[in-house]
Amino acid sequence: MSYIASPSRYTNMQYRRCGKSGIKLPAVSLGLWHNFGHVDVLENSRAILRLAFDSGITHFDLANNYGPPPGSAEENFGKLLHEDFRPYRDELIISTKAGYTMWDGPYGDWGSKKYLVSSLDQSLKRMQLDYVDIFYHHRPDPETPLEETMRTLDLIVRQGKALYVGLSNYKAEEAAKAFAILKELGTPCLIHQPKYSMFERWIEGGLLDLLGNEGVGCIPFSPLAQGLLTDKYLKGIPEDSRVAKPHGFLQENQLTQETLQRIQDLNTLAGERGQTLAQMALAWILKDERITSVLIGVSKTQQLTDCLKALDNIIFSKEELSRIEQILK
Ligand SMILES: NC(=O)c1ccc[n+]([C@@H]2O[C@H](COP(=O)([O-])OP(=O)(O)OC[C@H]3O[C@@H](n4cnc5c(N)ncnc54)[C@H](OP(=O)(O)O)[C@@H]3O)[C@@H](O)[C@H]2O)c1
C-alpha cells in the first residue's frame, strides 16, 4: 500500500531547539542501529518508520556500520525512504556517521580525511541521497590530528554533502577543542551524541555543562540502556529481545541481580507516576533543558507508541528525584 503521511503528524510532538542553532529536533528521535539490517524483517522496519513519521518524529539517525551486515541499515532506509518518504525529504533530518571499522585496511576506520570522505560518499549512495542533514564523527581518534578530522567535517559541509556536523562519544575536554576548531573554520558543531541514561551518567561530569555553555545540542543515545530500562527483563529473557538475538549488542551478563533489583524498584516508582519504566526513563533525561532529543531504538511499533507517551509527563518532584538517586546508588 502506498503511504500518505498523517495530516495530524505535527500535532502532538514537541520540538526543541538544538543548542543555539536554527534547527529544532523532535523530543524523541529514532535510531536505526538495530532492527533495520538485512537480518531484520523489512516490513516491520517500514511500519516503524511510518508510525514514527506519522507521530511527528522528523529525525532518523544512522551510521555507515549499522546493520548487520554493516551498511544494510542505510540500504534499507534508502529503499524505504524512496518508496514511502520521497515527497517528505524536506521534512526530515537524516544523520549518518563514520568513525568505527567499516572496511578492511588502514582507510576504513577512525578519523582520517580519506576515511570520512569516502565513507560519506558510500553512505549517500546506499541511502540514495544527495546530502545528509547531519554528518557525525562517530568517535574520537587518538592518532589522527583533531585539525584533520575537523577540517574534513568543514569540507564536507562546504561540498554540500552535509548541512551540519556533529560529534559522538567525545569526552568534554576533546569536545571543547574540537568545537573551537570548528567554530574557527566557520562550521560550528550542531550537536553531540553521547551515551546517557539512568544507568550511564558520565556526561553529568562536565560534558553537559560544556554543551549548555557552548550552545551545542545534545542527543543521548541508548536512553533505555538498550532495553534494560523497561519492564521487559523482569520476568526472564524474552525470545525476541536484544539479549536473545545473536547479533544484539546487549549481553546477558549485564542482567545482574543488582541491576534487576534496580529495574524492579524503578518500575515500581514509574507505576506510581502513572508511567511505564520506558516512559519514566526517557522523561528523566528530557527534564533537563540542555537535552535536545532522546535517541531511542525500537523493535516493534508498540514500543514506539509506548515511548512517545513519555512526553505526557516529564516533570519530577524533588521526592521522586531523590528516590531515583537512592535506587541508582
Ligand atoms: N553514537 C553512537 O556511538 C551510538 C551507539 C549506540 C546507539 N546509537 C544510536 O542510538 C540509537 C538508539 O540506541 P538503542 O537502540 O541502544 O536505544 P535504547 O532506546 O536504549 O534501546 C532500544 C531497545 O529498547 C527496547 N525498547 C524500546 N522501547 C521499549 C518499550 N517501550 N518497551 C520495552 N522495550 C523497549 C527494544 O529492545 P528489544 O530489541 O529487546 O525489543 C529496543 O530495541 C541507535 O539506533 C543509534 O541511532 C549511537
# chains A, B, ... in the order shown; residues from 1 in each chain; ligands from 1
>>> residues_near_ligand(ligand="ligand 1", cutoff="6 Å", atoms="only C-alpha atoms and all ligand atoms", output="number ranges by chain")
A: 31-34, 61-62, 138, 168, 193, 221-227, 230, 232, 241-242, 278, 295-299, 303-304, 306-307
>>> write_last_selection(atoms="N, CA and C atoms", output="PDB file, in the first residue's frame")
ATOM      1  N   GLY A  31      16.562   5.930  16.148  1.00  0.00           N
ATOM      2  CA  GLY A  31      17.845   5.434  15.652  1.00  0.00           C
ATOM      3  C   GLY A  31      17.687   4.076  14.986  1.00  0.00           C
ATOM      4  N   LEU A  32      18.541   3.800  13.998  1.00  0.00           N
ATOM      5  CA  LEU A  32      18.404   2.583  13.187  1.00  0.00           C
ATOM      6  C   LEU A  32      19.578   1.619  13.371  1.00  0.00           C
ATOM      7  N   TRP A  33      20.160   1.665  14.543  1.00  0.00           N
ATOM      8  CA  TRP A  33      21.313   0.795  14.840  1.00  0.00           C
ATOM      9  C   TRP A  33      20.913  -0.677  14.773  1.00  0.00           C
ATOM     10  N   HIS A  34      19.832  -1.030  15.487  1.00  0.00           N
ATOM     11  CA  HIS A  34      19.278  -2.376  15.427  1.00  0.00           C
ATOM     12  C   HIS A  34      17.939  -2.314  14.670  1.00  0.00           C
ATOM     13  N   ASP A  61      18.331   8.574  12.706  1.00  0.00           N
ATOM     14  CA  ASP A  61      19.776   8.535  12.905  1.00  0.00           C
ATOM     15  C   ASP A  61      20.374   7.221  12.417  1.00  0.00           C
ATOM     16  N   LEU A  62      21.377   7.335  11.551  1.00  0.00           N
ATOM     17  CA  LEU A  62      22.055   6.137  11.023  1.00  0.00           C
ATOM     18  C   LEU A  62      23.554   6.263  11.214  1.00  0.00           C
ATOM     19  N   HIS A 138      32.086   9.659  14.534  1.00  0.00           N
ATOM     20  CA  HIS A 138      31.431   8.705  15.426  1.00  0.00           C
ATOM     21  C   HIS A 138      32.164   8.504  16.758  1.00  0.00           C
ATOM     22  N   SER A 168      30.337  12.479  18.224  1.00  0.00           N
ATOM     23  CA  SER A 168      29.765  11.460  19.091  1.00  0.00           C
ATOM     24  C   SER A 168      30.877  10.832  19.922  1.00  0.00           C
ATOM     25  N   GLN A 193      26.467  13.603  20.351  1.00  0.00           N
ATOM     26  CA  GLN A 193      25.673  12.390  20.610  1.00  0.00           C
ATOM     27  C   GLN A 193      26.427  11.487  21.590  1.00  0.00           C
ATOM     28  N   PHE A 221      22.200   8.807  23.203  1.00  0.00           N
ATOM     29  CA  PHE A 221      21.823   7.514  22.631  1.00  0.00           C
ATOM     30  C   PHE A 221      21.702   6.453  23.717  1.00  0.00           C
ATOM     31  N   SER A 222      20.985   5.380  23.375  1.00  0.00           N
ATOM     32  CA  SER A 222      20.666   4.297  24.311  1.00  0.00           C
ATOM     33  C   SER A 222      20.084   4.837  25.617  1.00  0.00           C
ATOM     34  N   PRO A 223      19.062   5.692  25.534  1.00  0.00           N
ATOM     35  CA  PRO A 223      18.477   6.263  26.747  1.00  0.00           C
ATOM     36  C   PRO A 223      17.743   5.218  27.589  1.00  0.00           C
ATOM     37  N   LEU A 224      17.434   4.067  26.970  1.00  0.00           N
ATOM     38  CA  LEU A 224      16.793   2.972  27.720  1.00  0.00           C
ATOM     39  C   LEU A 224      17.825   1.898  28.061  1.00  0.00           C
ATOM     40  N   ALA A 225      19.113   2.255  27.971  1.00  0.00           N
ATOM     41  CA  ALA A 225      20.189   1.285  28.222  1.00  0.00           C
ATOM     42  C   ALA A 225      19.941  -0.003  27.414  1.00  0.00           C
ATOM     43  N   GLN A 226      19.604   0.198  26.147  1.00  0.00           N
ATOM     44  CA  GLN A 226      19.355  -0.894  25.185  1.00  0.00           C
ATOM     45  C   GLN A 226      18.155  -1.773  25.553  1.00  0.00           C
ATOM     46  N   GLY A 227      17.296  -1.273  26.417  1.00  0.00           N
ATOM     47  CA  GLY A 227      16.104  -2.056  26.775  1.00  0.00           C
ATOM     48  C   GLY A 227      16.115  -2.483  28.236  1.00  0.00           C
ATOM     49  N   THR A 230      13.409  -0.891  30.904  1.00  0.00           N
ATOM     50  CA  THR A 230      11.999  -1.182  30.588  1.00  0.00           C
ATOM     51  C   THR A 230      11.629  -2.364  31.481  1.00  0.00           C
ATOM     52  N   LYS A 232      10.900  -5.264  30.366  1.00  0.00           N
ATOM     53  CA  LYS A 232      10.950  -6.498  29.571  1.00  0.00           C
ATOM     54  C   LYS A 232      11.778  -7.637  30.168  1.00  0.00           C
ATOM     55  N   SER A 241      13.987 -10.559  22.292  1.00  0.00           N
ATOM     56  CA  SER A 241      14.653  -9.379  22.851  1.00  0.00           C
ATOM     57  C   SER A 241      16.080  -9.242  22.320  1.00  0.00           C
ATOM     58  N   ARG A 242      16.655  -8.072  22.522  1.00  0.00           N
ATOM     59  CA  ARG A 242      18.020  -7.813  22.048  1.00  0.00           C
ATOM     60  C   ARG A 242      19.019  -8.759  22.695  1.00  0.00           C
ATOM     61  N   ALA A 278       9.887   2.540  30.694  1.00  0.00           N
ATOM     62  CA  ALA A 278      10.487   3.162  29.497  1.00  0.00           C
ATOM     63  C   ALA A 278      10.128   4.650  29.457  1.00  0.00           C
ATOM     64  N   LEU A 295      17.379   9.723  21.773  1.00  0.00           N
ATOM     65  CA  LEU A 295      17.527   8.913  20.555  1.00  0.00           C
ATOM     66  C   LEU A 295      17.274   7.445  20.897  1.00  0.00           C
ATOM     67  N   ILE A 296      16.048   7.026  20.636  1.00  0.00           N
ATOM     68  CA  ILE A 296      15.655   5.664  21.025  1.00  0.00           C
ATOM     69  C   ILE A 296      15.790   4.696  19.861  1.00  0.00           C
ATOM     70  N   GLY A 297      15.732   3.407  20.197  1.00  0.00           N
ATOM     71  CA  GLY A 297      15.576   2.355  19.203  1.00  0.00           C
ATOM     72  C   GLY A 297      14.321   1.586  19.567  1.00  0.00           C
ATOM     73  N   VAL A 298      13.650   1.004  18.584  1.00  0.00           N
ATOM     74  CA  VAL A 298      12.508   0.127  18.883  1.00  0.00           C
ATOM     75  C   VAL A 298      12.519  -1.058  17.929  1.00  0.00           C
ATOM     76  N   SER A 299      12.065  -2.214  18.441  1.00  0.00           N
ATOM     77  CA  SER A 299      11.974  -3.389  17.567  1.00  0.00           C
ATOM     78  C   SER A 299      10.536  -3.619  17.117  1.00  0.00           C
ATOM     79  N   GLN A 303       6.303  -0.547  20.902  1.00  0.00           N
ATOM     80  CA  GLN A 303       7.297   0.080  21.777  1.00  0.00           C
ATOM     81  C   GLN A 303       7.383   1.581  21.494  1.00  0.00           C
ATOM     82  N   LEU A 304       7.285   1.921  20.223  1.00  0.00           N
ATOM     83  CA  LEU A 304       7.358   3.337  19.866  1.00  0.00           C
ATOM     84  C   LEU A 304       6.163   4.088  20.454  1.00  0.00           C
ATOM     85  N   ASP A 306       4.510   3.324  23.048  1.00  0.00           N
ATOM     86  CA  ASP A 306       4.749   3.406  24.488  1.00  0.00           C
ATOM     87  C   ASP A 306       5.733   4.543  24.799  1.00  0.00           C
ATOM     88  N   CYS A 307       6.845   4.582  24.093  1.00  0.00           N
ATOM     89  CA  CYS A 307       7.883   5.580  24.377  1.00  0.00           C
ATOM     90  C   CYS A 307       7.369   7.003  24.162  1.00  0.00           C
TER      91      CYS A 307
END
>>> residues_around(residues="Leu210 in chain A", least_positions_apart="5", cutoff="9 Å", atoms="only C-alpha atoms", output="MDAnalysis selection string")
chainID A and resid 172 175:176 215:216
>>> residues_around(residues="Thr101 in chain A", least_positions_apart="3", cutoff="12 Å", atoms="only C-alpha atoms", output="ChimeraX atom specification")
/A:63-66,70-71,97-98,104-111,115-116,119,138-139,141
>>> residues_around(residues="range 250-265 of chain A", least_positions_apart="4", cutoff="7 Å", atoms="only C-alpha atoms", output="list of chain:residue names")
A:Gln226, A:Leu229, A:Leu234, A:Arg242, A:Val243, A:Leu269, A:Ile327, A:Leu328
>>> write_last_selection(atoms="C-alpha atoms", output="PDB file, in the first residue's frame")
ATOM      1  CA  GLN A 226      19.355  -0.894  25.185  1.00  0.00           C
ATOM      2  CA  LEU A 229      15.329   0.415  31.496  1.00  0.00           C
ATOM      3  CA  LEU A 234      11.795  -8.548  34.842  1.00  0.00           C
ATOM      4  CA  ARG A 242      18.020  -7.813  22.048  1.00  0.00           C
ATOM      5  CA  VAL A 243      19.727 -10.018  24.650  1.00  0.00           C
ATOM      6  CA  LEU A 269       8.228   4.171  41.007  1.00  0.00           C
ATOM      7  CA  ILE A 327      17.732   3.331  43.739  1.00  0.00           C
ATOM      8  CA  LEU A 328      20.663   4.058  41.443  1.00  0.00           C
TER       9      LEU A 328
END
>>> closest_residue(among="A:Thr11, A:Gln128, A:Asn213, A:Ser197", to="Leu80 in chain A", atoms="only C-alpha atoms")
A:Gln128
>>> select_by_dssp(residues="range 137-315 of chain A", states="alpha helix (DSSP H)", output="PyMOL selection string")
chain A and resi 146-158+172-185+207-214+257-272+277-286+301-308
>>> write_last_selection(atoms="C-alpha atoms", output="short mmCIF file (atom, residue, chain, number, x, y, z; two decimals), in the first residue's frame")
data_model
loop_
_atom_site.label_atom_id
_atom_site.label_comp_id
_atom_site.auth_asym_id
_atom_site.auth_seq_id
_atom_site.Cartn_x
_atom_site.Cartn_y
_atom_site.Cartn_z
CA LEU A 146 41.99 16.71 15.52
CA GLU A 147 42.53 19.50 12.96
CA GLU A 148 42.45 16.98 10.09
CA THR A 149 39.18 15.43 11.25
CA MET A 150 37.52 18.80 11.91
CA ARG A 151 38.74 20.26 8.61
CA THR A 152 37.17 17.28 6.88
CA LEU A 153 33.81 17.91 8.57
CA ASP A 154 34.03 21.53 7.44
CA LEU A 155 34.94 20.44 3.90
CA ILE A 156 32.00 18.05 3.70
CA VAL A 157 29.61 20.86 4.62
CA ARG A 158 31.20 23.20 2.06
CA ALA A 172 34.33 17.06 27.44
CA GLU A 173 37.97 18.07 27.03
CA GLU A 174 38.40 16.78 23.48
CA ALA A 175 34.94 18.07 22.51
CA ALA A 176 35.89 21.56 23.69
CA LYS A 177 38.99 21.53 21.47
CA ALA A 178 37.01 20.25 18.50
CA PHE A 179 34.27 22.89 18.99
CA ALA A 180 36.92 25.64 18.96
CA ILE A 181 38.44 24.38 15.70
CA LEU A 182 35.05 24.01 14.03
CA LYS A 183 33.98 27.49 15.13
CA GLU A 184 37.16 28.96 13.70
CA LEU A 185 36.57 27.17 10.41
CA LEU A 207 30.13 17.38 29.05
CA LEU A 208 26.54 18.52 29.60
CA ASP A 209 27.74 21.80 31.13
CA LEU A 210 30.06 22.33 28.19
CA LEU A 211 27.25 21.73 25.68
CA GLY A 212 24.95 24.12 27.55
CA ASN A 213 27.62 26.83 27.67
CA GLU A 214 28.70 26.38 24.04
CA GLN A 257 20.82 -9.44 40.26
CA GLU A 258 21.77 -5.93 41.36
CA THR A 259 20.66 -4.43 38.03
CA LEU A 260 17.43 -6.42 38.04
CA GLN A 261 16.65 -5.15 41.54
CA ARG A 262 17.20 -1.56 40.41
CA ILE A 263 14.97 -2.13 37.39
CA GLN A 264 12.29 -3.58 39.66
CA ASP A 265 12.44 -0.60 42.04
CA LEU A 266 12.42 1.92 39.20
CA ASN A 267 9.49 0.07 37.64
CA THR A 268 7.54 0.44 40.90
CA LEU A 269 8.23 4.17 41.01
CA ALA A 270 7.26 4.56 37.34
CA GLY A 271 3.95 2.83 38.12
CA GLU A 272 3.29 5.32 40.93
CA LEU A 277 9.51 2.35 33.11
CA ALA A 278 10.49 3.16 29.50
CA GLN A 279 8.44 6.36 29.68
CA MET A 280 9.94 7.38 33.04
CA ALA A 281 13.49 6.68 31.83
CA LEU A 282 13.01 8.94 28.81
CA ALA A 283 11.22 11.63 30.82
CA TRP A 284 14.06 11.62 33.35
CA ILE A 285 16.51 12.58 30.57
CA LEU A 286 14.20 15.13 28.94
CA THR A 301 5.65 -0.31 16.66
CA GLN A 302 4.04 -0.90 20.09
CA GLN A 303 7.30 0.08 21.78
CA LEU A 304 7.36 3.34 19.87
CA THR A 305 3.78 4.13 20.89
CA ASP A 306 4.75 3.41 24.49
CA CYS A 307 7.88 5.58 24.38
CA LEU A 308 6.12 8.55 22.81
#
>>> residues_around(residues="Glu319 in chain A", least_positions_apart="5", cutoff="12 Å", atoms="only C-alpha atoms", output="list in words")
Leu269, Arg273, Ile324, Glu325 and Gln326 of chain A
>>> atom_distance(atom1="CA of Glu43 in chain A", atom2="CA of Ser8 in chain A")
23.2 Å
>>> select_by_dssp(residues="range 176-321 of chain A", states="strand (DSSP E)", output="ChimeraX atom specification")
/A:189-193,217-218,294-296
>>> residues_around(residues="Ile93 in chain A", least_positions_apart="3", cutoff="12 Å", atoms="only C-alpha atoms", output="number ranges by chain")
A: 23-26, 29-31, 53, 56-62, 88-90, 96, 131-135, 162-164
>>> closest_residue(among="A:Leu92, A:Cys189, A:Leu124, A:Cys18", to="Ala52 in chain A", atoms="only C-alpha atoms")
A:Leu92
>>> residues_around(residues="Ser72 in chain A", least_positions_apart="2", cutoff="12 Å", atoms="only C-alpha atoms", output="PyMOL selection string")
chain A and resi 32-40+42+62-70+74-79+102+122-123+125-127
>>> atom_distance(atom1="CA of Asn44 in chain A", atom2="CA of His247 in chain A")
17.4 Å
>>> atom_distance(atom1="CA of Pro194 in chain A", atom2="CA of Gly99 in chain A")
14.0 Å
>>> closest_residue(among="A:Ala310, A:Leu129, A:Val28, A:Ile48", to="Ile219 in chain A", atoms="only C-alpha atoms")
A:Val28
